[in-house]
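**Student:** First the structure, then my questions, so here it is.
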Amino acid sequence: MNVTTIGIDLAKNSFSLHGVDGRGKLVFRKALTRAKLLPFLGSLPLCLIGMEACSGAHYWGRELRKLGHRVGIMAPRFVAPYRKGGKNDGNDAEAICEAVGRPGMRFVPVKSDDQQAILSLHRIRQGLIKERTALINQLRGLLSEFGLIMPKGRYSAQHHIPDILEDAGNGLPMLARRLLHDTYQRLQVLNEQILAYDRELNNLVRDSEPAQRLMTVPGVGAITASALLASVGDPITPSG
């Protein structure tokens, strides 16, 4: 099959493909299930394969590179100008195929498994931080309903909560005291989880020479350095 460039519209279980030859002439336009995608692409001559940056794109990028194909992952905003007609899977695949071969197209570097694992750590940690902030705000709001005011600032507020809960003379009803105590315990669990992830990030950058160099920049610590390295990805582009 004389195909040189392929655009793939990624999905969970069904993938639309648009393949052209060196002159831009249509070679195939088809849909494949997840199980059939890699076997089909593995049977083709090595070519340039384009995808939009979305969930799963880096996984497929790594798998296609193992087959020897060149991979170009692009931000959706760079693909949109090449879409003909309405937005559907077939038109999206055709637009991706057209965009990936354009001179000067900017690509998202394909991330390794390890990089995505570190980014997962960052995302989970950030979710816990948001949950902790929400709990502190909830505690502050509930206590204010009983005329009890928590100090500003995360550290001061958390330090002050046990004193409020243990003060038998502040008029706080027993039911409210018990519920707020349970909420405070959840807050403590979140603190422990976040601290564990912080230690994990510190361990990661301690063994990374690039991270150590990044942390020589004023204001860059373990969290920023690890996030930067995990986000940069492989500098090799499809033309490399």
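Ordering of the structure tokens sets the chain letters (A, B, ...), residue numbers begin anew at 1 in every chain, and ligands are numbered from 1 in the order given.
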Taking 4 positions as the minimum chain separation for residues in the same chain, which residues sit within 10 Å of Ala157 in chain A when counting only C-alpha atoms? Answer as an MDAnalysis selection string.

**Tutor:** chainID A and resid 136:137 139:140 149:153 161:162

**Student:** With N, CA and C atoms retained, export the selected residues as an mmCIF file, in the first residue's frame.

**Tutor:**
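Final file, out05.cif:
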```
data_model
loop_
_atom_site.group_PDB
_atom_site.id
_atom_site.type_symbol
_atom_site.label_atom_id
_atom_site.label_comp_id
_atom_site.auth_asym_id
_atom_site.auth_seq_id
_atom_site.Cartn_x
_atom_site.Cartn_y
_atom_site.Cartn_z
ATOM 1 N N ILE A 136 -10.977 23.213 54.530
ATOM 2 C CA ILE A 136 -10.669 24.325 55.439
ATOM 3 C C ILE A 136 -11.738 25.410 55.321
ATOM 4 N N ASN A 137 -12.127 25.710 54.097
ATOM 5 C CA ASN A 137 -13.162 26.727 53.889
ATOM 6 C C ASN A 137 -14.492 26.274 54.460
ATOM 7 N N LEU A 139 -14.883 24.198 57.042
ATOM 8 C CA LEU A 139 -14.763 24.327 58.490
ATOM 9 C C LEU A 139 -14.915 25.777 58.931
ATOM 10 N N ARG A 140 -14.278 26.675 58.186
ATOM 11 C CA ARG A 140 -14.358 28.096 58.535
ATOM 12 C C ARG A 140 -15.801 28.593 58.464
ATOM 13 N N ILE A 149 -14.626 32.076 64.994
ATOM 14 C CA ILE A 149 -13.877 32.544 63.835
ATOM 15 C C ILE A 149 -12.480 31.908 63.813
ATOM 16 N N MET A 150 -12.151 31.303 62.683
ATOM 17 C CA MET A 150 -10.820 30.730 62.492
ATOM 18 C C MET A 150 -9.874 31.800 61.955
ATOM 19 N N PRO A 151 -8.617 31.761 62.344
ATOM 20 C CA PRO A 151 -7.640 32.731 61.819
ATOM 21 C C PRO A 151 -7.446 32.555 60.311
ATOM 22 N N LYS A 152 -6.958 33.595 59.659
ATOM 23 C CA LYS A 152 -6.642 33.504 58.238
ATOM 24 C C LYS A 152 -5.363 32.688 58.045
ATOM 25 N N GLY A 153 -5.261 32.124 56.865
ATOM 26 C CA GLY A 153 -4.073 31.346 56.560
ATOM 27 C C GLY A 153 -4.265 29.877 56.883
ATOM 28 N N ILE A 161 -7.998 24.861 65.014
ATOM 29 C CA ILE A 161 -9.195 24.014 65.045
ATOM 30 C C ILE A 161 -9.256 23.119 66.282
ATOM 31 N N PRO A 162 -8.182 22.409 66.677
ATOM 32 C CA PRO A 162 -8.285 21.552 67.882
ATOM 33 C C PRO A 162 -8.667 22.330 69.133
#
```

**Student:** Once you count only C-alpha atoms, what closest atom pair and distance in Å to one decimal does each residue of range 64-142 of chain A within 12 Å of range 36-49 of chain A have, with rows by chain and rising residue number, as CSV?

**Tutor:**
```
residue,atom,partner,partner_atom,distance
A:Leu64,CA,A:Leu38,CA,7.6
A:Arg65,CA,A:Ile49,CA,9.7
A:Lys66,CA,A:Gly42,CA,9.5
A:Leu67,CA,A:Gly42,CA,6.0
A:Gly68,CA,A:Leu46,CA,6.2
A:His69,CA,A:Leu46,CA,5.0
A:Arg70,CA,A:Leu48,CA,4.7
A:Val71,CA,A:Ile49,CA,5.0
A:Gly72,CA,A:Ile49,CA,6.2
A:Ile73,CA,A:Ile49,CA,8.5
A:Met74,CA,A:Ile49,CA,10.9
A:Ala93,CA,A:Ile49,CA,10.6
A:Glu94,CA,A:Ile49,CA,11.7
A:Ile96,CA,A:Ile49,CA,8.9
A:Cys97,CA,A:Ile49,CA,7.5
A:Glu98,CA,A:Ile49,CA,10.5
A:Ala99,CA,A:Ile49,CA,10.5
A:Val100,CA,A:Ile49,CA,7.4
A:Gly101,CA,A:Leu48,CA,7.8
A:Arg102,CA,A:Leu48,CA,11.5
A:Phe107,CA,A:Ile49,CA,11.8
```

**Student:** Between CA of Val205 in chain A and CA of Ala222 in chain A, measure the distance and give it in Å to one decimal.

**Tutor:** 6.1 Å

**Student:** What does the distance between CA of Ile194 in chain A and CA of Ser120 in chain A come to in Å, to one decimal place?

**Tutor:**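 CA of Ile194 in chain A sits 13.6 Å away from CA of Ser120 in chain A.
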
**Student:** Might you pull out every residue within 10 Å of Leu195 in chain A, with only C-alpha atoms counted and same-chain residues fewer than 6 positions away left off, and present them as a PyMOL selection string?

**Tutor:** chain A and resi 125+189+201

**Student:** Can you work out which one of A:Met215, A:Ile223, A:Met174, A:Ala168 has the shortest atom-to-atom distance to Leu121 in chain A, counting only C-alpha atoms?

**Tutor:**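 Nearest candidate to Leu121 in chain A out of A:Met215, A:Ile223, A:Met174, A:Ala168: A:Ile223.
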